[in-house]
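Visitor: Attaching a single structure in structure tokens format; questions to follow.
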Amino acid sequence: MDITVPNENMVKEMAKIYNDTSLGYKHLAHIDRIGTLPKIKIRSLEGAFLSVCKEKKDFALIVDEALDIVSDGVIEEHELPTWEKCKKEGKELVGAILSLFCCEK
């Protein structure tokens with residue numbers, strides 16, 4: 001089944017008409033063929049806010065390790081697993097923040 005993807009202007013108008021900013025993000029995520037955008041979950045306002053708080057706490061737990069890794073400007077072989085975890089936690093925090101901006105009001 002072929003799916004017609006609307007252009008950016010159409011998505012902008014749809015978001016305005018439906019008062020739904022998540023449509024813009026969903027459009028970007030749909031055309032993101034390499035999967036660089038964080039996943040978002042459409043939640044209630046309080047659910048989205050609690051998710052941001054949780055992800056912020058998780059990210060804060062690894063910040064000191066990230067600082068140690070990046071302080072010399074080089075990510076060494078033995079630091080890669082921790083660095084990947086840092087990136088994962090950061091992406092989850094960004095996703096939670098984007099979910100907050102796109103939440104149901």
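In the structure tokens, each chain is lettered A, B, ... as it comes, each chain's residues begin at 1, and ligands are numbered from 1 in order of appearance.
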Env of stretch 22-29 of chain A: 7 Å cut, atoms = only C-alpha atoms, seq-sep filter 6 positions within chain, self excluded. Answer as a ChimeraX atom specification.

Guide: /A:11-12,15,37,102

Visitor: Print the selection's residues with C-alpha atoms to a file, as a PDB file, in the first residue's frame.

Guide:
ATOM      1  CA  VAL A  11       1.312  19.534   7.697  1.00  0.00           C
ATOM      2  CA  LYS A  12       1.673  23.054   9.089  1.00  0.00           C
ATOM      3  CA  ALA A  15      -1.440  21.207  12.824  1.00  0.00           C
ATOM      4  CA  LEU A  37      14.973  11.702  15.860  1.00  0.00           C
ATOM      5  CA  CYS A 102       3.412  17.787  21.874  1.00  0.00           C
TER       6      CYS A 102
END

Visitor: Considering only C-alpha atoms, return as JSON, numbers by chain whatever protein or nucleic-acid residues lie within 7 Å of A:Phe59, sequence-local ones (same chain, fewer than 4 positions apart) excluded.

Guide: {"A": [55, 63, 89, 90]}

Visitor: Please write the residues from the selection above to a file, keeping C-alpha atoms, as an mmCIF file, in the first residue's frame.

Guide:
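Generated file (selection.cif):
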data_model
loop_
_atom_site.group_PDB
_atom_site.id
_atom_site.type_symbol
_atom_site.label_atom_id
_atom_site.label_comp_id
_atom_site.auth_asym_id
_atom_site.auth_seq_id
_atom_site.Cartn_x
_atom_site.Cartn_y
_atom_site.Cartn_z
ATOM 1 C CA GLU A 55 14.437 11.149 32.301
ATOM 2 C CA VAL A 63 26.491 13.332 33.774
ATOM 3 C CA GLU A 89 19.934 8.677 28.223
ATOM 4 C CA GLY A 90 20.308 12.066 26.530
#

Visitor: Can you pull out every residue from chain A that DSSP, working from the backbone, puts in helix (DSSP H, G or I), and format the result as an NGL selection string?

Guide: :A and (8-18 or 22-31 or 45-60 or 63-70 or 77-101)

Visitor: When you look at A:Ser99 with a cut-off of 7 Å (counting only C-alpha atoms), what residues show up, excluding the ones that are within fewer than 6 positions of it in the same chain? I need them as a PyMOL selection string.

Guide: chain A and resi 40-42+48

Visitor: Would you put the residues from that selection into a file with C-alpha atoms, as a compact mmCIF listing (two decimals), in the first residue's frame?

Guide:
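Okay, this is what ended up in out.txt:
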# COMPACT_ATOMS: atom_id res chain seq x y z
CA ILE A 40 8.07 10.50 21.50
CA LYS A 41 4.93 9.31 23.22
CA ILE A 42 1.82 11.44 23.13
CA ALA A 48 4.58 14.13 29.86

Visitor: Between A:Cys103, A:Cys86, A:Leu93, A:Ile3, which residue has the minimum interatomic distance to A:Val52, considering only C-alpha atoms?

Guide: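 Of A:Cys103, A:Cys86, A:Leu93, A:Ile3, the one nearest A:Val52 is A:Leu93, counting only C-alpha atoms.
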
Visitor: Which residue gives the smallest distance to A:Lys56 among A:Glu92, A:Glu13, A:Glu8, A:Asp20, with only C-alpha atoms counted?

Guide: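 Closest to A:Lys56, using only C-alpha atoms: A:Glu92.
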
Visitor: Just want the 8 Å neighbourhood of A:Phe101, counted on only C-alpha atoms, with same-chain residues fewer than 3 positions away dropped. Output as a tab-separated table (two decimals) with C-alpha atoms, in the first residue's frame.

Guide:
chain	number	residue	atom	x	y	z
A	21	THR	CA	1.63	20.41	17.28
A	22	SER	CA	2.51	16.71	17.43
A	97	ILE	CA	10.91	17.06	26.44
A	98	LEU	CA	9.55	16.89	22.90

Visitor: So, with only C-alpha atoms as the atoms that count, which of A:Leu50, A:Thr4, A:Lys85, A:His30 lies closest to A:Glu65?

Guide: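 Ranking A:Leu50, A:Thr4, A:Lys85, A:His30 by distance to A:Glu65, first place goes to A:Lys85.
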
Visitor: Nearest to A:Asn7 among A:Cys53, A:Val70, A:Ala60, A:Ile31, with distances taken over only C-alpha atoms: which residue is it?

Guide: A:Ile31
